[in-house]
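What follows is the content of input-v2.txt, which has compact mmCIF, C-alpha atoms:
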# COMPACT_ATOMS: atom_id res chain seq x y z
CA MET A 1276 -107.94 -18.27 34.27
CA GLU A 1277 -105.15 -20.80 33.87
CA HIS A 1278 -101.85 -20.11 35.62
CA GLU A 1279 -100.02 -19.79 32.29
CA GLN A 1280 -102.52 -17.21 31.06
CA ALA A 1281 -102.05 -15.13 34.21
CA ILE A 1282 -98.42 -14.47 33.24
CA ALA A 1283 -98.13 -11.48 30.90
CA ASN A 1284 -95.74 -12.13 28.01
CA ALA A 1285 -94.40 -8.97 26.38
CA ILE A 1286 -94.23 -8.44 22.62
CA ASP A 1287 -91.57 -5.93 21.59
CA VAL A 1288 -93.11 -3.19 19.43
CA GLY A 1289 -90.28 -0.86 18.47
CA TRP A 1290 -92.42 2.07 17.32
CA LEU A 1291 -94.65 2.62 20.36
CA TRP A 1292 -92.52 5.65 21.29
CA LEU A 1293 -93.94 7.48 18.25
CA ILE A 1294 -97.35 7.83 19.91
CA PRO A 1295 -96.15 10.27 22.62
CA ALA A 1296 -93.19 11.61 20.60
CA LEU A 1297 -95.31 13.15 17.83
CA PRO A 1298 -97.25 15.56 20.11
CA LEU A 1299 -93.92 16.43 21.78
CA LEU A 1300 -92.47 17.29 18.36
CA GLY A 1301 -95.48 19.48 17.55
CA SER A 1302 -95.11 21.27 20.88
CA ALA A 1303 -91.39 21.85 20.29
CA ILE A 1304 -91.98 23.32 16.82
CA ASN A 1305 -94.57 25.77 18.13
CA ALA A 1306 -92.40 26.59 21.14
CA PHE A 1307 -89.33 27.54 19.08
CA LEU A 1308 -90.84 28.64 15.76
CA GLY A 1309 -94.46 29.42 16.68
CA PRO A 1310 -94.24 33.25 16.82
CA ARG A 1311 -92.40 33.41 13.49
CA LEU A 1312 -94.80 31.01 11.80
CA GLN A 1313 -97.82 32.88 13.11
CA LYS A 1314 -96.42 36.22 11.95
CA ARG A 1315 -95.41 34.97 8.51
CA TYR A 1316 -98.11 32.44 7.61
CA GLY A 1317 -100.91 33.25 10.02
CA LYS A 1318 -102.49 31.23 12.81
CA ARG A 1319 -103.38 28.41 10.45
CA ALA A 1320 -99.75 27.28 10.45
CA ASN A 1321 -99.73 26.87 14.25
CA HIS A 1322 -102.83 24.74 14.50
CA ALA A 1323 -101.89 22.75 11.38
CA ILE A 1324 -98.68 21.63 13.12
CA ALA A 1325 -100.47 20.80 16.39
CA ILE A 1326 -103.40 18.97 14.80
CA GLY A 1327 -101.11 17.21 12.32
CA ALA A 1328 -98.97 15.88 15.17
CA MET A 1329 -102.04 14.61 17.00
CA GLY A 1330 -103.47 13.07 13.84
CA LEU A 1331 -100.27 11.11 13.23
CA SER A 1332 -100.24 10.02 16.88
CA CYS A 1333 -103.82 8.77 16.47
CA LEU A 1334 -102.81 6.85 13.35
CA VAL A 1335 -99.96 5.06 15.14
CA ALA A 1336 -102.26 4.32 18.10
CA GLU A 1337 -104.82 2.82 15.69
CA VAL A 1338 -102.15 0.53 14.23
CA ALA A 1339 -101.20 -0.60 17.74
CA PHE A 1340 -104.88 -1.13 18.62
CA TRP A 1341 -105.58 -3.43 15.67
CA LYS A 1342 -102.28 -5.23 16.22
CA MET A 1343 -103.39 -5.95 19.79
CA ILE A 1344 -106.83 -7.11 18.64
CA ALA A 1345 -105.16 -9.58 16.27
CA ALA A 1346 -102.77 -10.92 18.94
CA GLU A 1347 -103.42 -13.95 21.11
CA PRO A 1348 -104.84 -13.09 24.58
CA SER A 1349 -101.59 -14.18 26.26
CA GLY A 1350 -99.60 -11.83 24.01
CA ARG A 1351 -101.64 -8.67 24.47
CA PHE A 1352 -98.91 -6.79 26.25
CA PHE A 1353 -96.73 -4.55 24.07
CA GLU A 1354 -93.43 -3.11 25.28
CA ASN A 1355 -90.93 -0.66 23.85
CA GLN A 1356 -87.87 -0.21 26.08
CA LEU A 1357 -85.67 2.65 24.85
CA TRP A 1358 -82.74 2.91 27.27
CA THR A 1359 -81.76 2.51 30.92
CA MET A 1360 -82.19 5.73 32.88
CA TRP A 1361 -80.30 4.39 35.88
CA GLN A 1362 -79.30 1.13 37.50
CA SER A 1363 -78.47 0.37 41.11
CA GLY A 1364 -77.72 -3.20 42.04
CA ALA A 1365 -80.65 -5.37 41.01
CA LEU A 1366 -82.90 -2.39 40.25
CA ASP A 1367 -82.94 -1.41 36.57
CA VAL A 1368 -85.10 1.61 35.65
CA LYS A 1369 -85.71 2.05 31.92
CA LEU A 1370 -87.35 4.71 29.82
CA GLY A 1371 -89.98 2.55 28.20
CA PHE A 1372 -93.58 2.28 27.15
CA GLY A 1373 -95.99 -0.57 27.72
CA LEU A 1374 -99.56 -1.26 26.63
CA ASP A 1375 -101.94 -3.88 27.94
CA PRO A 1376 -105.63 -3.89 26.91
CA LEU A 1377 -106.59 -1.30 29.55
CA GLY A 1378 -103.62 0.91 28.66
CA MET A 1379 -104.55 0.60 24.98
CA VAL A 1380 -108.08 1.83 25.70
CA MET A 1381 -106.75 4.81 27.64
CA THR A 1382 -104.24 5.60 24.87
CA MET A 1383 -107.01 5.58 22.27
CA ILE A 1384 -109.11 7.89 24.43
CA VAL A 1385 -106.26 10.34 25.03
CA THR A 1386 -105.13 10.55 21.41
CA HIS A 1387 -108.58 10.79 19.83
CA VAL A 1388 -110.25 13.07 22.38
CA ALA A 1389 -107.19 15.33 22.48
CA THR A 1390 -107.28 15.60 18.68
CA LEU A 1391 -110.93 16.68 18.80
CA ILE A 1392 -110.08 19.26 21.48
CA HIS A 1393 -107.31 20.60 19.23
CA VAL A 1394 -109.79 20.97 16.35
CA TYR A 1395 -112.37 22.68 18.57
CA SER A 1396 -109.73 25.08 19.90
CA THR A 1397 -109.02 26.49 16.44
CA GLY A 1398 -112.30 28.36 16.66
CA TYR A 1399 -112.44 28.90 20.42
CA MET A 1400 -109.00 30.54 20.55
CA ALA A 1401 -109.12 32.20 17.11
CA ASP A 1402 -108.92 35.76 18.46
CA GLU A 1403 -105.99 35.17 20.83
CA PRO A 1404 -102.74 37.01 19.95
CA ALA A 1405 -100.58 34.25 21.50
CA TYR A 1406 -102.31 31.54 19.47
CA TRP A 1407 -99.07 29.59 19.02
CA ARG A 1408 -98.49 29.41 22.77
CA PHE A 1409 -101.86 27.79 23.43
CA PHE A 1410 -101.23 25.02 20.92
CA MET A 1411 -97.73 24.55 22.27
CA TRP A 1412 -99.20 23.84 25.72
CA LEU A 1413 -102.01 21.71 24.30
CA ASN A 1414 -99.60 19.45 22.38
CA LEU A 1415 -97.38 19.19 25.45
CA PHE A 1416 -100.39 18.27 27.59
CA ALA A 1417 -101.24 15.41 25.22
CA PHE A 1418 -97.63 14.21 25.40
CA THR A 1419 -97.60 14.15 29.20
CA MET A 1420 -100.97 12.38 29.38
CA LEU A 1421 -99.59 9.71 27.06
CA LEU A 1422 -96.56 9.33 29.32
CA LEU A 1423 -98.96 8.84 32.20
CA VAL A 1424 -100.98 6.06 30.53
CA MET A 1425 -98.23 4.45 28.41
CA GLY A 1426 -95.27 4.44 30.80
CA SER A 1427 -94.07 0.89 31.39
CA ASN A 1428 -93.05 1.63 34.98
CA PHE A 1429 -93.83 3.86 37.92
CA VAL A 1430 -90.96 6.27 37.20
CA VAL A 1431 -92.11 7.11 33.66
CA MET A 1432 -95.65 7.36 35.02
CA PHE A 1433 -94.36 9.85 37.61
CA PHE A 1434 -92.77 11.99 34.88
CA GLY A 1435 -96.14 11.99 33.13
CA TRP A 1436 -97.88 13.07 36.34
CA GLU A 1437 -95.40 15.91 36.79
CA GLY A 1438 -95.87 16.99 33.18
CA VAL A 1439 -99.66 17.01 33.46
CA GLY A 1440 -99.36 19.27 36.51
CA LEU A 1441 -97.05 21.64 34.63
CA CYS A 1442 -99.33 21.78 31.59
CA SER A 1443 -102.37 22.38 33.78
CA TYR A 1444 -100.53 25.37 35.20
CA GLY A 1445 -99.69 26.64 31.71
CA LEU A 1446 -103.18 26.19 30.25
CA ILE A 1447 -105.13 27.50 33.25
CA GLY A 1448 -102.74 30.45 33.44
CA PHE A 1449 -102.81 31.12 29.69
CA TRP A 1450 -104.41 34.49 30.40
CA TYR A 1451 -101.80 35.24 33.06
CA GLU A 1452 -102.44 38.99 32.91
CA ASP A 1453 -105.81 38.33 34.56
CA LEU A 1454 -105.03 38.07 38.29
CA GLU A 1455 -107.85 35.62 39.03
CA LYS A 1456 -106.72 33.22 36.31
CA ALA A 1457 -103.12 33.50 37.45
CA LYS A 1458 -104.21 32.62 41.01
CA ALA A 1459 -106.19 29.62 39.73
CA ALA A 1460 -103.14 28.36 37.84
CA MET A 1461 -100.97 28.65 40.94
CA LYS A 1462 -103.59 26.84 43.03
CA ALA A 1463 -103.65 23.95 40.54
CA PHE A 1464 -99.85 23.79 40.59
CA VAL A 1465 -99.67 23.67 44.39
CA VAL A 1466 -102.41 21.02 44.71
CA ASN A 1467 -100.50 18.78 42.31
CA ARG A 1468 -97.49 18.92 44.63
CA PHE A 1469 -99.52 17.10 47.30
CA GLY A 1470 -100.04 14.32 44.77
CA ASP A 1471 -96.27 14.27 44.19
CA PHE A 1472 -95.67 13.61 47.87
CA GLY A 1473 -98.04 10.66 47.92
CA PHE A 1474 -96.58 9.30 44.70
CA VAL A 1475 -93.00 9.36 46.03
CA ILE A 1476 -94.01 7.77 49.34
CA GLY A 1477 -95.82 5.08 47.37
CA HIS A 1478 -92.61 4.33 45.45
CA PHE A 1479 -90.68 3.80 48.67
CA VAL A 1480 -93.40 1.63 50.20
CA LEU A 1481 -93.59 -0.49 47.05
CA PHE A 1482 -89.84 -1.05 46.93
CA TRP A 1483 -89.76 -1.88 50.64
CA SER A 1484 -92.67 -4.32 50.46
CA LEU A 1485 -91.30 -6.22 47.45
CA SER A 1486 -87.58 -6.18 48.17
CA GLY A 1487 -87.07 -6.57 51.90
CA SER A 1488 -88.22 -5.41 55.31
CA TRP A 1489 -87.17 -3.45 58.38
CA ALA A 1490 -85.45 -5.60 60.98
CA PRO A 1491 -87.57 -5.93 64.15
CA GLU A 1492 -86.88 -3.23 66.78
CA THR A 1493 -84.23 -1.56 64.59
CA ASN A 1494 -84.11 1.04 61.82
CA ARG A 1495 -82.03 -1.18 59.52
CA TYR A 1496 -83.42 -2.22 56.17
CA GLN A 1497 -82.69 -5.84 55.29
CA PRO A 1498 -83.04 -7.00 51.67
CA GLU A 1499 -84.58 -10.42 51.31
CA ARG A 1500 -81.62 -12.15 49.68
CA GLY A 1501 -83.48 -15.12 48.31
CA LEU A 1502 -85.86 -12.89 46.38
CA ALA A 1503 -84.30 -9.49 45.87
CA GLY A 1504 -80.54 -9.97 46.13
CA SER A 1505 -78.30 -7.00 46.80
CA VAL A 1506 -79.78 -3.54 46.40
CA ARG A 1507 -76.51 -1.70 46.88
CA GLY A 1508 -73.70 -0.86 44.51
CA VAL A 1509 -73.76 -0.22 40.79
CA ALA A 1510 -72.67 -3.56 39.34
CA PRO A 1511 -75.55 -5.29 37.52
CA GLU A 1512 -76.65 -8.65 38.83
CA THR A 1513 -77.71 -11.73 36.92
CA PRO A 1514 -81.52 -11.72 37.00
CA ARG A 1515 -83.07 -14.65 38.87
CA THR A 1516 -86.21 -16.28 37.55
CA SER A 1517 -88.93 -18.45 39.04
CA ALA A 1518 -89.82 -21.94 37.83
CA SER A 1519 -92.28 -20.34 35.41
CA GLY A 1520 -89.68 -17.98 33.97
CA VAL A 1521 -90.84 -14.87 35.85
CA GLN A 1522 -87.98 -12.48 36.64
CA LEU A 1523 -87.53 -11.93 40.38
CA GLY A 1524 -86.07 -9.07 42.34
CA PRO A 1525 -86.84 -5.38 42.94
CA THR A 1526 -88.55 -3.74 40.00
CA VAL A 1527 -90.73 -0.77 39.14
CA GLU A 1528 -91.96 -2.34 35.88
CA PHE A 1529 -95.72 -2.91 35.82
CA ARG A 1530 -95.52 -6.18 33.89
CA GLU A 1531 -92.81 -7.67 36.11
CA LEU A 1532 -94.71 -6.72 39.27
CA ARG A 1533 -97.90 -8.24 37.89
CA ASN A 1534 -96.11 -11.45 37.00
CA GLN A 1535 -94.38 -11.73 40.40
CA VAL A 1536 -97.77 -11.54 42.12
CA SER A 1537 -99.53 -13.79 39.60
CA ASP A 1538 -96.89 -16.55 39.72
CA GLU A 1539 -97.67 -18.64 42.80
CA SER A 1540 -94.16 -20.12 42.83
CA THR A 1541 -92.64 -16.73 43.73
CA GLY A 1542 -94.57 -16.54 47.01
CA MET A 1543 -95.11 -12.82 46.39
CA ALA A 1544 -98.89 -12.93 46.75
CA GLU A 1545 -98.61 -14.64 50.14
CA ARG A 1546 -95.90 -12.21 51.19
CA LEU A 1547 -98.09 -9.20 50.40
CA LYS A 1548 -101.05 -10.70 52.27
CA GLU A 1549 -98.95 -11.05 55.41
CA MET A 1550 -97.25 -7.66 55.07
CA THR A 1551 -97.79 -5.26 57.95
CA PHE A 1552 -96.61 -1.67 58.18

If you took the structure in this file and wrote it as structure tokens, what would it be?
Amino acid sequence: MEHEQAIANAIDVGWLWLIPALPLLGSAINAFLGPRLQKRYGKRANHAIAIGAMGLSCLVAEVAFWKMIAAEPSGRFFENQLWTMWQSGALDVKLGFGLDPLGMVMTMIVTHVATLIHVYSTGYMADEPAYWRFFMWLNLFAFTMLLLVMGSNFVVMFFGWEGVGLCSYGLIGFWYEDLEKAKAAMKAFVVNRFGDFGFVIGHFVLFWSLSGSWAPETNRYQPERGLAGSVRGVAPETPRTSASGVQLGPTVEFRELRNQVSDESTGMAERLKEMTF
């Protein structure tokens, strides 16, 4: 692969957020209006909302899929940055979504398989009194899985991981009056917390390895000024770029991390090879 092709160029796709937002909307409707709708119109109303939300999400994902197929190989990275969640020095963490070819495949799997599960559940859960609650959790589960596979950075991905753990607890414990099922739900919830610990530690290690290092024989963290700049304070800094136009500095964005490692002029690949813990 040529050096230029190794650098991922993002194409702004302003409607990517609709893919996870539609299942979230379906979940919210069933959460707040589900009991009333079920009582007034029957269970069909609940699953129509949930399946409709997933169907629309599939449709948007299909549009993104064919748009990616039609794009040039160097442009097969879609981004949709919504807003900055927080900023500290050179680190800018945004709520955003990103799709490369692998992420697109996972998004297609999540949306389409989840839709089929929703359809199957209309019969499997037909006799349940709290029918609306099941489809509320199922829609929310699809939303969190899409956060997990579509998040453009590690922070959004972490929110997706947390949400998947919560929804696992809600779905496994759907029959919470059964003690064994309630115990199983709690076990799943606790096991996910171990994953949280590893995830958070991984964030710190990543930031440390890319932005600076611990001074020898001390406990002081020293940012590598030539690469990362200041990591303290709240004032935004002017982004620095490499000779190939790759943005440098601390980041949690998948595309920026990939480009920093791929671009030989940044020296990031060599730095990571020599990194010791």

Requested in this report: Excluding Ile1447 in chain A and residues on its chain fewer than 2 positions from it, collect all residues at most 8 Å away from it, counting all atoms listed in the file, and give them as JSON, numbers by chain.
Outcome: {"A": [1443, 1444, 1445, 1449, 1450, 1456, 1457, 1459, 1460]}

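We find CA of Glu1452 in chain A and CA of Met1400 in chain A to be spaced 16.3 Å apart.
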
Query raised in the report: Skipping near chain neighbours, those fewer than 3 positions away, what residues fall within 12 Å of Glu1347 in chain A using all atoms listed in the file, listed as JSON, numbers by chain?
Result: {"A": [1280, 1283, 1284, 1285, 1286, 1342, 1343, 1344, 1350, 1351, 1352, 1353, 1376]}

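Taking CA of His1387 in chain A and CA of Cys1333 in chain A as the two end points, the separation is 6.2 Å.
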
Query raised in the report: Please, what distance in Å, to one decimal, runs between CA of Glu1337 in chain A and CA of Leu1357 in chain A?
Result: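 Taking CA of Glu1337 in chain A and CA of Leu1357 in chain A, their separation equals 21.2 Å.
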
**Report entry** Close residues, Glu1403 in chain A itself excluded, 10 Å, all atoms listed in the file, min 5 positions apart in chain, as a list in words
**Finding:** Lys1318, Arg1408, Phe1409 and Trp1450 of chain A

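With distances restricted to all atoms listed in the file, A:Trp1407 is the closest residue to Leu1308 in chain A from A:Trp1407, A:Phe1418, A:Ile1294, A:Phe1469.
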
**Report entry** Neighbour residues at most 9 Å from (-102.5, 22.9, 13.2) (all atoms listed in the file) as a ChimeraX atom specification
**Finding:** /A:1301,1318-1328,1393-1394,1397,1410

Query raised in the report: Looking at A:Phe1429, A:Phe1416, A:Phe1464, A:Tyr1406, which one is nearest to Cys1442 in chain A, with distances taken over all atoms listed in the file?
Result: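 Nearest candidate to Cys1442 in chain A out of A:Phe1429, A:Phe1416, A:Phe1464, A:Tyr1406: A:Phe1416.
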